[in-house]
file start.cif (mmCIF, C-alpha atoms and all ligand atoms)
data_final
#
loop_
_atom_site.group_PDB
_atom_site.id
_atom_site.type_symbol
_atom_site.label_atom_id
_atom_site.label_comp_id
_atom_site.auth_asym_id
_atom_site.auth_seq_id
_atom_site.Cartn_x
_atom_site.Cartn_y
_atom_site.Cartn_z
ATOM 1 C CA MET A 26 7.609 82.776 146.079
ATOM 2 C CA ALA A 27 6.718 81.721 149.587
ATOM 3 C CA GLU A 28 3.216 80.548 148.764
ATOM 4 C CA ASN A 29 4.310 77.918 146.195
ATOM 5 C CA LYS A 30 5.017 74.342 147.224
ATOM 6 C CA ALA A 31 8.726 73.480 146.993
ATOM 7 C CA SER A 32 8.062 70.894 144.264
ATOM 8 C CA GLU A 33 6.258 73.339 141.919
ATOM 9 C CA ASN A 34 8.068 75.276 139.240
ATOM 10 C CA LYS A 35 7.537 79.034 139.229
ATOM 11 C CA VAL A 36 6.847 80.995 136.054
ATOM 12 C CA ALA A 37 7.383 84.684 135.331
ATOM 13 C CA LEU A 38 6.381 86.560 132.181
ATOM 14 C CA VAL A 39 8.472 89.623 131.305
ATOM 15 C CA THR A 40 7.406 92.015 128.533
ATOM 16 C CA GLY A 41 9.980 93.890 126.473
ATOM 17 C CA ALA A 42 12.471 91.189 127.475
ATOM 18 C CA GLY A 43 14.322 91.034 124.143
ATOM 19 C CA GLN A 44 16.772 93.731 125.254
ATOM 20 C CA GLY A 45 17.650 96.334 127.860
ATOM 21 C CA ILE A 46 16.020 96.323 131.290
ATOM 22 C CA GLY A 47 13.584 93.536 130.351
ATOM 23 C CA ARG A 48 16.441 91.214 129.411
ATOM 24 C CA GLY A 49 18.177 92.020 132.713
ATOM 25 C CA ILE A 50 14.987 91.249 134.650
ATOM 26 C CA ALA A 51 14.399 87.987 132.761
ATOM 27 C CA LEU A 52 17.943 86.773 133.538
ATOM 28 C CA LYS A 53 17.741 87.794 137.201
ATOM 29 C CA LEU A 54 14.377 86.064 137.721
ATOM 30 C CA ALA A 55 15.759 82.960 135.960
ATOM 31 C CA SER A 56 18.719 82.954 138.366
ATOM 32 C CA ASP A 57 16.140 83.235 141.188
ATOM 33 C CA GLY A 58 14.604 79.964 139.913
ATOM 34 C CA PHE A 59 11.769 81.124 137.656
ATOM 35 C CA ASP A 60 11.042 79.699 134.218
ATOM 36 C CA ILE A 61 10.494 82.659 131.912
ATOM 37 C CA ALA A 62 8.171 83.725 129.107
ATOM 38 C CA VAL A 63 10.180 86.281 127.118
ATOM 39 C CA VAL A 64 7.600 88.574 125.515
ATOM 40 C CA ASP A 65 8.465 91.151 122.866
ATOM 41 C CA LEU A 66 7.342 92.433 119.481
ATOM 42 C CA PRO A 67 7.658 89.810 116.712
ATOM 43 C CA PHE A 68 10.492 91.753 114.991
ATOM 44 C CA GLN A 69 12.581 91.203 118.140
ATOM 45 C CA GLU A 70 12.417 87.404 117.769
ATOM 46 C CA GLN A 71 16.120 86.953 117.026
ATOM 47 C CA LYS A 72 17.284 89.013 120.017
ATOM 48 C CA ALA A 73 14.680 87.295 122.215
ATOM 49 C CA ALA A 74 15.941 83.886 121.083
ATOM 50 C CA GLY A 75 19.338 84.931 122.455
ATOM 51 C CA VAL A 76 17.719 85.754 125.814
ATOM 52 C CA VAL A 77 15.916 82.385 125.787
ATOM 53 C CA SER A 78 19.306 80.663 125.273
ATOM 54 C CA GLU A 79 20.868 82.667 128.117
ATOM 55 C CA ILE A 80 18.027 81.585 130.438
ATOM 56 C CA GLU A 81 18.387 77.949 129.371
ATOM 57 C CA ALA A 82 22.114 78.190 130.141
ATOM 58 C CA LEU A 83 21.077 79.100 133.706
ATOM 59 C CA GLY A 84 19.205 75.793 133.873
ATOM 60 C CA ARG A 85 15.672 77.200 133.539
ATOM 61 C CA LYS A 86 13.008 76.769 130.850
ATOM 62 C CA ALA A 87 12.115 79.695 128.589
ATOM 63 C CA ILE A 88 9.892 80.460 125.608
ATOM 64 C CA PHE A 89 9.612 83.460 123.311
ATOM 65 C CA VAL A 90 6.115 84.869 122.800
ATOM 66 C CA GLY A 91 5.675 87.522 120.114
ATOM 67 C CA ALA A 92 3.112 90.081 121.270
ATOM 68 C CA ASP A 93 2.218 93.753 121.045
ATOM 69 C CA VAL A 94 1.529 94.764 124.649
ATOM 70 C CA SER A 95 -0.768 97.596 123.596
ATOM 71 C CA LYS A 96 -3.257 94.913 122.436
ATOM 72 C CA LYS A 97 -5.289 93.217 125.156
ATOM 73 C CA ASP A 98 -5.779 90.014 123.123
ATOM 74 C CA ASP A 99 -1.999 89.671 122.657
ATOM 75 C CA ILE A 100 -1.339 89.905 126.394
ATOM 76 C CA VAL A 101 -4.111 87.470 127.308
ATOM 77 C CA ALA A 102 -2.742 85.004 124.712
ATOM 78 C CA ALA A 103 0.817 85.465 126.024
ATOM 79 C CA VAL A 104 -0.274 84.740 129.606
ATOM 80 C CA ASP A 105 -2.219 81.658 128.434
ATOM 81 C CA ARG A 106 0.814 80.368 126.495
ATOM 82 C CA ALA A 107 3.180 80.957 129.408
ATOM 83 C CA ALA A 108 0.920 79.021 131.789
ATOM 84 C CA ALA A 109 0.214 76.200 129.319
ATOM 85 C CA GLU A 110 3.777 75.697 128.032
ATOM 86 C CA LEU A 111 5.737 76.401 131.217
ATOM 87 C CA GLY A 112 3.266 74.772 133.612
ATOM 88 C CA SER A 113 2.467 77.582 136.085
ATOM 89 C CA PHE A 114 1.978 81.336 136.309
ATOM 90 C CA ASP A 115 3.269 83.331 139.279
ATOM 91 C CA VAL A 116 4.641 86.731 138.244
ATOM 92 C CA ILE A 117 4.042 89.247 135.456
ATOM 93 C CA VAL A 118 6.478 92.079 134.798
ATOM 94 C CA ASN A 119 4.857 94.784 132.659
ATOM 95 C CA ASN A 120 8.186 96.198 131.518
ATOM 96 C CA ALA A 121 7.781 97.090 127.819
ATOM 97 C CA GLY A 122 7.579 100.789 127.103
ATOM 98 C CA ILE A 123 8.648 103.552 124.757
ATOM 99 C CA ALA A 124 9.935 107.088 125.266
ATOM 100 C CA GLN A 125 8.950 110.224 123.355
ATOM 101 C CA VAL A 126 11.206 113.265 123.331
ATOM 102 C CA LYS A 127 9.082 116.219 122.275
ATOM 103 C CA PRO A 128 8.582 119.821 123.447
ATOM 104 C CA PHE A 129 5.140 120.071 125.084
ATOM 105 C CA GLU A 130 3.699 122.422 122.447
ATOM 106 C CA GLU A 131 4.528 119.997 119.628
ATOM 107 C CA ILE A 132 2.981 116.770 120.984
ATOM 108 C CA THR A 133 0.431 115.406 118.492
ATOM 109 C CA GLU A 134 -2.757 113.441 119.154
ATOM 110 C CA GLU A 135 -1.287 110.436 117.337
ATOM 111 C CA GLU A 136 1.879 110.486 119.492
ATOM 112 C CA LEU A 137 -0.109 110.853 122.712
ATOM 113 C CA ASN A 138 -2.390 107.939 121.798
ATOM 114 C CA LYS A 139 0.603 105.787 120.836
ATOM 115 C CA ILE A 140 2.572 106.303 124.055
ATOM 116 C CA PHE A 141 -0.490 105.783 126.242
ATOM 117 C CA ALA A 142 -1.420 102.602 124.335
ATOM 118 C CA ILE A 143 2.065 101.123 124.873
ATOM 119 C CA ASN A 144 3.003 102.461 128.324
ATOM 120 C CA VAL A 145 -0.401 102.629 130.068
ATOM 121 C CA ASN A 146 -2.993 100.428 128.329
ATOM 122 C CA SER A 147 -0.436 97.597 128.388
ATOM 123 C CA VAL A 148 -0.247 97.816 132.177
ATOM 124 C CA VAL A 149 -4.047 97.645 132.472
ATOM 125 C CA TRP A 150 -4.169 94.598 130.167
ATOM 126 C CA GLY A 151 -1.216 92.977 131.949
ATOM 127 C CA ILE A 152 -2.796 93.422 135.375
ATOM 128 C CA GLN A 153 -6.165 92.115 134.157
ATOM 129 C CA ALA A 154 -4.703 89.099 132.354
ATOM 130 C CA ALA A 155 -2.399 88.145 135.226
ATOM 131 C CA ALA A 156 -5.088 88.571 137.899
ATOM 132 C CA ALA A 157 -7.481 86.355 135.902
ATOM 133 C CA LYS A 158 -4.811 83.644 135.498
ATOM 134 C CA PHE A 159 -3.793 83.808 139.182
ATOM 135 C CA THR A 160 -7.476 83.399 140.142
ATOM 136 C CA GLU A 161 -7.924 80.468 137.727
ATOM 137 C CA LEU A 162 -4.826 78.718 139.146
ATOM 138 C CA GLY A 163 -5.508 79.672 142.790
ATOM 139 C CA LYS A 164 -2.225 81.625 143.023
ATOM 140 C CA LYS A 165 -1.340 84.615 145.150
ATOM 141 C CA GLY A 166 0.728 86.090 142.327
ATOM 142 C CA ARG A 167 2.868 89.163 141.936
ATOM 143 C CA ILE A 168 2.305 91.997 139.451
ATOM 144 C CA ILE A 169 5.237 94.338 138.815
ATOM 145 C CA SER A 170 5.291 97.241 136.335
ATOM 146 C CA ALA A 171 7.801 99.705 134.908
ATOM 147 C CA ALA A 172 7.412 103.252 136.168
ATOM 148 C CA SER A 173 10.312 105.744 136.111
ATOM 149 C CA ILE A 174 11.723 108.746 137.951
ATOM 150 C CA ALA A 175 9.334 110.469 135.508
ATOM 151 C CA SER A 176 6.423 108.909 137.460
ATOM 152 C CA VAL A 177 7.356 111.029 140.487
ATOM 153 C CA LYS A 178 8.548 114.274 138.839
ATOM 154 C CA GLY A 179 7.554 115.562 135.404
ATOM 155 C CA PHE A 180 10.580 115.921 133.119
ATOM 156 C CA PRO A 181 10.689 118.709 130.484
ATOM 157 C CA ILE A 182 10.640 117.469 126.859
ATOM 158 C CA LEU A 183 9.344 114.137 128.176
ATOM 159 C CA GLY A 184 5.796 115.410 128.822
ATOM 160 C CA ALA A 185 3.739 112.571 127.358
ATOM 161 C CA TYR A 186 6.223 110.025 128.727
ATOM 162 C CA SER A 187 6.038 111.548 132.221
ATOM 163 C CA ALA A 188 2.226 111.515 132.113
ATOM 164 C CA SER A 189 2.230 107.871 131.040
ATOM 165 C CA LYS A 190 4.519 106.911 133.942
ATOM 166 C CA PHE A 191 2.463 108.933 136.482
ATOM 167 C CA ALA A 192 -0.452 106.797 135.217
ATOM 168 C CA VAL A 193 1.486 103.581 135.914
ATOM 169 C CA ARG A 194 2.020 104.715 139.521
ATOM 170 C CA GLY A 195 -1.707 105.487 139.855
ATOM 171 C CA LEU A 196 -2.779 102.158 138.355
ATOM 172 C CA THR A 197 -0.383 100.362 140.716
ATOM 173 C CA GLN A 198 -1.949 102.018 143.764
ATOM 174 C CA VAL A 199 -5.515 101.267 142.652
ATOM 175 C CA ALA A 200 -4.959 97.670 141.484
ATOM 176 C CA SER A 201 -3.054 96.829 144.673
ATOM 177 C CA GLN A 202 -6.070 97.782 146.770
ATOM 178 C CA GLU A 203 -8.600 95.975 144.549
ATOM 179 C CA LEU A 204 -6.521 92.780 144.298
ATOM 180 C CA ALA A 205 -5.328 92.628 147.925
ATOM 181 C CA PRO A 206 -8.323 90.511 149.043
ATOM 182 C CA LYS A 207 -7.096 87.817 146.600
ATOM 183 C CA GLY A 208 -3.578 87.965 148.072
ATOM 184 C CA ILE A 209 -2.151 89.414 144.847
ATOM 185 C CA THR A 210 0.449 92.173 145.266
ATOM 186 C CA VAL A 211 0.964 94.986 142.754
ATOM 187 C CA ASN A 212 4.121 97.118 142.756
ATOM 188 C CA ALA A 213 6.247 99.174 140.353
ATOM 189 C CA TYR A 214 9.922 100.015 139.926
ATOM 190 C CA ALA A 215 11.079 103.523 139.079
ATOM 191 C CA PRO A 216 14.527 103.552 137.448
ATOM 192 C CA GLY A 217 16.538 106.698 136.733
ATOM 193 C CA ILE A 218 19.011 106.884 133.835
ATOM 194 C CA VAL A 219 19.632 103.365 132.563
ATOM 195 C CA GLY A 220 22.150 102.712 129.784
ATOM 196 C CA THR A 221 19.888 101.031 127.227
ATOM 197 C CA GLY A 222 18.681 101.652 123.688
ATOM 198 C CA MET A 223 16.008 103.923 125.151
ATOM 199 C CA TRP A 224 18.540 106.420 126.495
ATOM 200 C CA ASP A 225 20.586 106.258 123.247
ATOM 201 C CA GLU A 226 17.423 107.420 121.483
ATOM 202 C CA ILE A 227 16.588 110.081 124.128
ATOM 203 C CA ASP A 228 20.131 111.476 123.909
ATOM 204 C CA LYS A 229 19.974 111.588 120.094
ATOM 205 C CA ARG A 230 16.597 113.372 120.073
ATOM 206 C CA LEU A 231 17.660 115.851 122.790
ATOM 207 C CA SER A 232 20.772 116.642 120.705
ATOM 208 C CA GLU A 233 18.570 117.441 117.720
ATOM 209 C CA ILE A 234 16.468 119.753 119.902
ATOM 210 C CA ASN A 235 19.132 121.554 121.983
ATOM 211 C CA GLY A 236 22.157 121.249 119.691
ATOM 212 C CA LYS A 237 24.422 119.633 122.281
ATOM 213 C CA PRO A 238 26.813 116.988 120.929
ATOM 214 C CA ILE A 239 25.744 113.326 120.983
ATOM 215 C CA GLY A 240 26.408 111.898 124.444
ATOM 216 C CA GLN A 241 26.402 115.304 126.206
ATOM 217 C CA ASN A 242 22.777 115.168 127.449
ATOM 218 C CA LEU A 243 23.320 111.658 128.808
ATOM 219 C CA LYS A 244 26.590 112.766 130.474
ATOM 220 C CA GLU A 245 24.924 115.765 132.167
ATOM 221 C CA ASN A 246 22.071 113.589 133.458
ATOM 222 C CA VAL A 247 24.486 110.979 134.808
ATOM 223 C CA GLU A 248 26.436 113.751 136.601
ATOM 224 C CA SER A 249 23.280 114.500 138.631
ATOM 225 C CA ILE A 250 23.185 110.939 140.088
ATOM 226 C CA SER A 251 24.435 110.818 143.712
ATOM 227 C CA LEU A 252 26.098 107.428 143.252
ATOM 228 C CA GLY A 253 27.987 108.903 140.309
ATOM 229 C CA ARG A 254 27.458 106.285 137.633
ATOM 230 C CA ILE A 255 24.910 105.309 135.029
ATOM 231 C CA GLU A 256 22.320 102.705 136.083
ATOM 232 C CA THR A 257 22.463 99.175 134.659
ATOM 233 C CA PRO A 258 19.612 96.753 133.891
ATOM 234 C CA GLU A 259 21.024 94.614 136.730
ATOM 235 C CA ASP A 260 20.486 97.501 139.192
ATOM 236 C CA VAL A 261 16.804 97.529 138.192
ATOM 237 C CA ALA A 262 16.485 93.740 138.153
ATOM 238 C CA GLY A 263 17.499 93.523 141.821
ATOM 239 C CA VAL A 264 14.404 95.505 142.810
ATOM 240 C CA VAL A 265 12.145 93.387 140.591
ATOM 241 C CA SER A 266 13.653 90.248 142.137
ATOM 242 C CA PHE A 267 12.763 91.641 145.578
ATOM 243 C CA PHE A 268 9.155 92.367 144.540
ATOM 244 C CA ALA A 269 8.857 88.852 143.033
ATOM 245 C CA GLY A 270 10.397 87.082 146.016
ATOM 246 C CA PRO A 271 9.374 86.010 149.515
ATOM 247 C CA ASN A 272 10.806 89.094 151.246
ATOM 248 C CA ALA A 273 8.210 91.333 149.566
ATOM 249 C CA ALA A 274 5.146 89.330 150.643
ATOM 250 C CA TYR A 275 3.879 92.277 152.741
ATOM 251 C CA VAL A 276 4.696 95.054 150.216
ATOM 252 C CA THR A 277 1.971 96.259 147.867
ATOM 253 C CA GLY A 278 0.900 99.422 146.040
ATOM 254 C CA GLN A 279 4.450 100.813 146.061
ATOM 255 C CA THR A 280 6.522 102.463 143.359
ATOM 256 C CA LEU A 281 10.152 102.078 144.416
ATOM 257 C CA LEU A 282 12.746 104.539 143.145
ATOM 258 C CA VAL A 283 15.897 102.734 141.975
ATOM 259 C CA ASP A 284 17.830 105.700 140.598
ATOM 260 C CA GLY A 285 21.193 105.846 142.390
ATOM 261 C CA GLY A 286 20.034 108.956 144.238
ATOM 262 C CA MET A 287 18.241 111.407 141.972
ATOM 263 C CA LEU A 288 14.833 111.860 143.623
ATOM 264 C CA TYR A 289 13.910 111.332 147.263
ATOM 265 C CA SER A 290 10.476 110.106 148.413
HETATM 266 N N1 LIG B 301 16.199 103.331 130.065
HETATM 267 C C1 LIG B 301 15.859 104.125 131.076
HETATM 268 O O1 LIG B 301 16.614 105.031 131.465
HETATM 269 C C2 LIG B 301 14.557 103.939 131.785
HETATM 270 C C3 LIG B 301 13.592 103.066 131.354
HETATM 271 N N2 LIG B 301 12.412 102.954 132.042
HETATM 272 C C4 LIG B 301 11.367 102.050 131.606
HETATM 273 O O2 LIG B 301 11.849 100.710 131.604
HETATM 274 C C5 LIG B 301 11.207 99.954 130.585
HETATM 275 C C6 LIG B 301 12.246 99.277 129.699
HETATM 276 O O3 LIG B 301 13.059 100.289 129.127
HETATM 277 P P1 LIG B 301 14.431 99.992 128.343
HETATM 278 O O4 LIG B 301 14.854 98.597 128.535
HETATM 279 O O5 LIG B 301 15.344 101.084 128.682
HETATM 280 O O6 LIG B 301 13.923 100.209 126.845
HETATM 281 P P2 LIG B 301 14.400 99.544 125.467
HETATM 282 O O7 LIG B 301 13.898 100.456 124.404
HETATM 283 O O8 LIG B 301 15.855 99.220 125.509
HETATM 284 O O9 LIG B 301 13.588 98.168 125.438
HETATM 285 C C7 LIG B 301 12.186 98.165 125.380
HETATM 286 C C8 LIG B 301 11.712 96.813 124.900
HETATM 287 O O10 LIG B 301 10.282 96.865 124.841
HETATM 288 C C9 LIG B 301 9.856 96.337 123.599
HETATM 289 N N3 LIG B 301 8.589 96.945 123.181
HETATM 290 C C10 LIG B 301 8.358 98.213 122.787
HETATM 291 N N4 LIG B 301 7.070 98.363 122.421
HETATM 292 C C11 LIG B 301 6.486 97.163 122.595
HETATM 293 C C12 LIG B 301 5.168 96.667 122.366
HETATM 294 N N5 LIG B 301 4.194 97.463 121.880
HETATM 295 N N6 LIG B 301 4.913 95.373 122.649
HETATM 296 C C13 LIG B 301 5.886 94.559 123.128
HETATM 297 N N7 LIG B 301 7.142 94.975 123.361
HETATM 298 C C14 LIG B 301 7.434 96.247 123.087
HETATM 299 C C15 LIG B 301 10.990 96.696 122.624
HETATM 300 O O11 LIG B 301 10.954 95.876 121.454
HETATM 301 C C16 LIG B 301 12.222 96.478 123.488
HETATM 302 O O12 LIG B 301 12.661 95.135 123.441
HETATM 303 C C17 LIG B 301 10.295 100.937 129.841
HETATM 304 O O13 LIG B 301 8.987 100.850 130.329
HETATM 305 C C18 LIG B 301 10.901 102.281 130.191
HETATM 306 O O14 LIG B 301 9.951 103.321 130.106
HETATM 307 C C19 LIG B 301 12.161 103.693 133.164
HETATM 308 C C20 LIG B 301 13.080 104.563 133.630
HETATM 309 C C21 LIG B 301 14.354 104.765 132.988
HETATM 310 C C1 LIG B 302 13.772 107.012 130.281
HETATM 311 C C2 LIG B 302 13.329 107.590 131.550
HETATM 312 O O1 LIG B 302 12.439 107.101 132.187
HETATM 313 C C3 LIG B 302 13.974 108.719 131.986
HETATM 314 C C4 LIG B 302 13.305 109.601 132.910
HETATM 315 O O2 LIG B 302 15.065 108.975 131.617
#

call {"tool": "encode", "arguments": {"input": "start.cif", "output": "structure tokens", "more": "lines below"}}
Ligand SMILES: NC(=O)C1=CN([C@@H]2O[C@H](COP(=O)(O)OP(=O)(O)OC[C@H]3O[C@@H](n4cnc5c(N)ncnc54)[C@H](O)[C@@H]3O)[C@@H](O)[C@H]2O)C=CC1
Ligand SMILES: CC(=O)C(C)=O
result
Amino acid sequence: MAENKASENKVALVTGAGQGIGRGIALKLASDGFDIAVVDLPFQEQKAAGVVSEIEALGRKAIFVGADVSKKDDIVAAVDRAAAELGSFDVIVNNAGIAQVKPFEEITEEELNKIFAINVNSVVWGIQAAAAKFTELGKKGRIISAASIASVKGFPILGAYSASKFAVRGLTQVASQELAPKGITVNAYAPGIVGTGMWDEIDKRLSEINGKPIGQNLKENVESISLGRIETPEDVAGVVSFFAGPNAAYVTGQTLLVDGGMLYS
């Protein structure tokens, strides 16, 4: 980032970095020169250790921090550990999230509370914890969160998920305005159909609901992408790298679609 002295190391914390988009972001930011705190649920430790090794192979430092992002104390502790063990704190990527595939009329209170705790509360805690650490260290840091095409258009059978991602876009707009006087920027990325474990699960659940064969729902969604191919974690990571880097110093409050041409803002 432009505001760091050349001699300082830069540190980014990425949640949900044990697999999928989070792993892709962690590796891209490491190749950009960041040391990385790989945050994920404790059961993901083995996969996350693999990501830590991949980052180290790129010549950067990395640590795994087990945390449940729906818990404020876990996120605050993860940010503290990243800063203490890696020696700085410059970027947080609030990436961890879950999907829920459920017809609107069947969504339960428990399911709604769970998806909001993981997809929305986590973003509030991540923004608060990062802003406090940036202030403590005198940094003009970057906050970047996972939205989705479902933050711009509500998707049938993904009602609670869509609502949670609309909330991420709203939080991004509000936090960017409140934190701008401190020089902190707040942005979000909005992927489309990314080939990760999340879409394997969405496809399986949609099959159970609409009877189409496994893989058919994913195929039909991919056919609606202008660029004609499924999105990769690397496609998403490029946008996060931009938000974390010097070229985005004057960009804040934005949710950027990175969907290969599905929705148009
Ligand atoms: N896959 C897709 O097509 C799209 C994904 N997104 C968003 O991108 C983000 C990443 O998604 P994917 O990599 O596809 O998902 P994924 O399911 O492959 O990976 C999610 C990661 O988050 C971790 N995680 C889940 N709950 C957690 C918790 N409470 N605390 C800490 N970590 C937790 C999981 O262990 C996993 O490592 C999510 O926020 C998702 O909503 C947005 C648009 C499209
Ligand atoms: C997983 C996701 O965000 C969508 C809309 O597919």

call {"tool": "closest_atom_pairs", "arguments": {"input": "start.cif", "of": "stretch 135-166 of chain A", "to": "stretch 38-61 of chain A", "cutoff": "10 Å", "atoms": "only C-alpha atoms", "output": "CSV"}}
result
residue,atom,partner,partner_atom,distance
A:Ser147,CA,A:Thr40,CA,9.6
A:Gly151,CA,A:Thr40,CA,9.3
A:Ala155,CA,A:Leu38,CA,9.4

call {"tool": "atom_distance", "arguments": {"input": "start.cif", "atom1": "atom CA of A:Val63", "atom2": "atom CA of A:Gly217"}}
result
23.4 Å

call {"tool": "residues_near_ligand", "arguments": {"input": "start.cif", "ligand": "ligand LIG 301 (chain B)", "cutoff": "7 Å", "atoms": "all atoms listed in the file", "output": "PyMOL selection string"}}
result
chain A and resi 40-47+64-66+69+92-95+120-124+143-144+171-174+215-224

call {"tool": "axis_aligned_box", "arguments": {"input": "start.cif", "around": "ligand LIG 302 (chain B)", "padding_each_side": "8 Å", "output": "AutoDock Vina command-line options"}}
result
--center_x 13.8 --center_y 108.3 --center_z 131.6 --size_x 18.6 --size_y 18.6 --size_z 18.6

call {"tool": "atom_distance", "arguments": {"input": "start.cif", "atom1": "atom C1 of ligand LIG 302 (chain B)", "atom2": "atom CA of A:Leu196"}}
result
19.0 Å

call {"tool": "resolve_selection", "arguments": {"input": "start.cif", "expression": "the PyMOL selection byres (((chain A and resi 158-170) around 7) and not hetatm)", "output": "list in words"}}
result
Phe114, Asp115, Val116, Ile117, Val118, Asn119, Asn120, Val148, Ile152, Ala154, Ala155, Ala156, Ala157, Ala171, Ala172, Lys207, Gly208, Ile209, Thr210, Val211, Asn212, Ala213, Tyr214 and Ala269 of chain A

call {"tool": "closest_residue", "arguments": {"input": "start.cif", "among": "A:Asn246, A:Asn272, A:Gln279, A:Ser251", "to": "ligand LIG 302 (chain B)", "atoms": "all atoms listed in the file"}}
result
A:Asn246

call {"tool": "atom_distance", "arguments": {"input": "start.cif", "atom1": "atom CA of A:Glu259", "atom2": "atom CA of A:Glu245"}}
result
22.0 Å

call {"tool": "closest_residue", "arguments": {"input": "start.cif", "among": "A:Gly195, A:Gly270, A:Gly278, A:Gly184", "to": "ligand LIG 302 (chain B)", "atoms": "all atoms listed in the file"}}
result
A:Gly184

call {"tool": "closest_residue", "arguments": {"input": "start.cif", "among": "A:Val199, A:Ile140, A:Pro238, A:Val264", "to": "A:Val126", "atoms": "all atoms listed in the file"}}
result
A:Ile140

call {"tool": "residues_around", "arguments": {"input": "start.cif", "residues": "A:Tyr186", "least_positions_apart": "2", "cutoff": "12 Å", "atoms": "all atoms listed in the file", "output": "ChimeraX atom specification"}}
result
/A:122-129,132,136-145,172-184,188-193,227

call {"tool": "closest_residue", "arguments": {"input": "start.cif", "among": "A:Thr197, A:Ile250, A:Thr133, A:Leu83", "to": "ligand LIG 302 (chain B)", "atoms": "only C-alpha atoms and all ligand atoms"}}
result
A:Ile250

call {"tool": "residues_near_point", "arguments": {"input": "start.cif", "point": "(11.2, 86.9, 120.9)", "cutoff": "6 Å", "atoms": "all atoms listed in the file", "output": "list in words"}}
result
Asp65, Gln69, Glu70, Ala73, Ala74, Phe89, Val90 and Gly91 of chain A

call {"tool": "decode", "arguments": {"input": "start.cif", "residues": "stretch 144-148 of chain A", "atoms": "all heavy atoms", "output": "JSON list (two decimals), in the first residue's frame"}}
result
[["chain", "number", "residue", "atom", "x", "y", "z"],
["A", 144, "ASN", "N", -22.60, -14.28, 7.83],
["A", 144, "ASN", "CA", -22.35, -13.42, 6.65],
["A", 144, "ASN", "C", -22.40, -11.93, 6.95],
["A", 144, "ASN", "O", -21.79, -11.15, 6.22],
["A", 144, "ASN", "CB", -23.39, -13.71, 5.55],
["A", 144, "ASN", "CG", -23.21, -15.09, 4.91],
["A", 144, "ASN", "OD1", -22.40, -15.87, 5.38],
["A", 144, "ASN", "ND2", -23.95, -15.37, 3.87],
["A", 145, "VAL", "N", -23.15, -11.54, 8.00],
["A", 145, "VAL", "CA", -23.34, -10.09, 8.25],
["A", 145, "VAL", "C", -22.65, -9.65, 9.54],
["A", 145, "VAL", "O", -21.81, -8.74, 9.52],
["A", 145, "VAL", "CB", -24.85, -9.75, 8.31],
["A", 145, "VAL", "CG1", -25.03, -8.24, 8.53],
["A", 145, "VAL", "CG2", -25.56, -10.18, 7.04],
["A", 146, "ASN", "N", -22.97, -10.33, 10.66],
["A", 146, "ASN", "CA", -22.32, -9.93, 11.92],
["A", 146, "ASN", "C", -20.80, -9.96, 11.77],
["A", 146, "ASN", "O", -20.10, -9.08, 12.27],
["A", 146, "ASN", "CB", -22.74, -10.85, 13.07],
["A", 146, "ASN", "CG", -24.24, -10.79, 13.37],
["A", 146, "ASN", "OD1", -25.00, -10.22, 12.60],
["A", 146, "ASN", "ND2", -24.66, -11.38, 14.47],
["A", 147, "SER", "N", -20.31, -10.98, 11.06],
["A", 147, "SER", "CA", -18.85, -11.12, 10.88],
["A", 147, "SER", "C", -18.25, -9.88, 10.22],
["A", 147, "SER", "O", -17.12, -9.49, 10.53],
["A", 147, "SER", "CB", -18.55, -12.34, 10.01],
["A", 147, "SER", "OG", -19.02, -12.12, 8.68],
["A", 148, "VAL", "N", -18.99, -9.29, 9.30],
["A", 148, "VAL", "CA", -18.48, -8.11, 8.59],
["A", 148, "VAL", "C", -18.46, -6.91, 9.55],
["A", 148, "VAL", "O", -17.50, -6.12, 9.56],
["A", 148, "VAL", "CB", -19.34, -7.83, 7.32],
["A", 148, "VAL", "CG1", -18.95, -6.51, 6.68],
["A", 148, "VAL", "CG2", -19.16, -8.98, 6.32]]
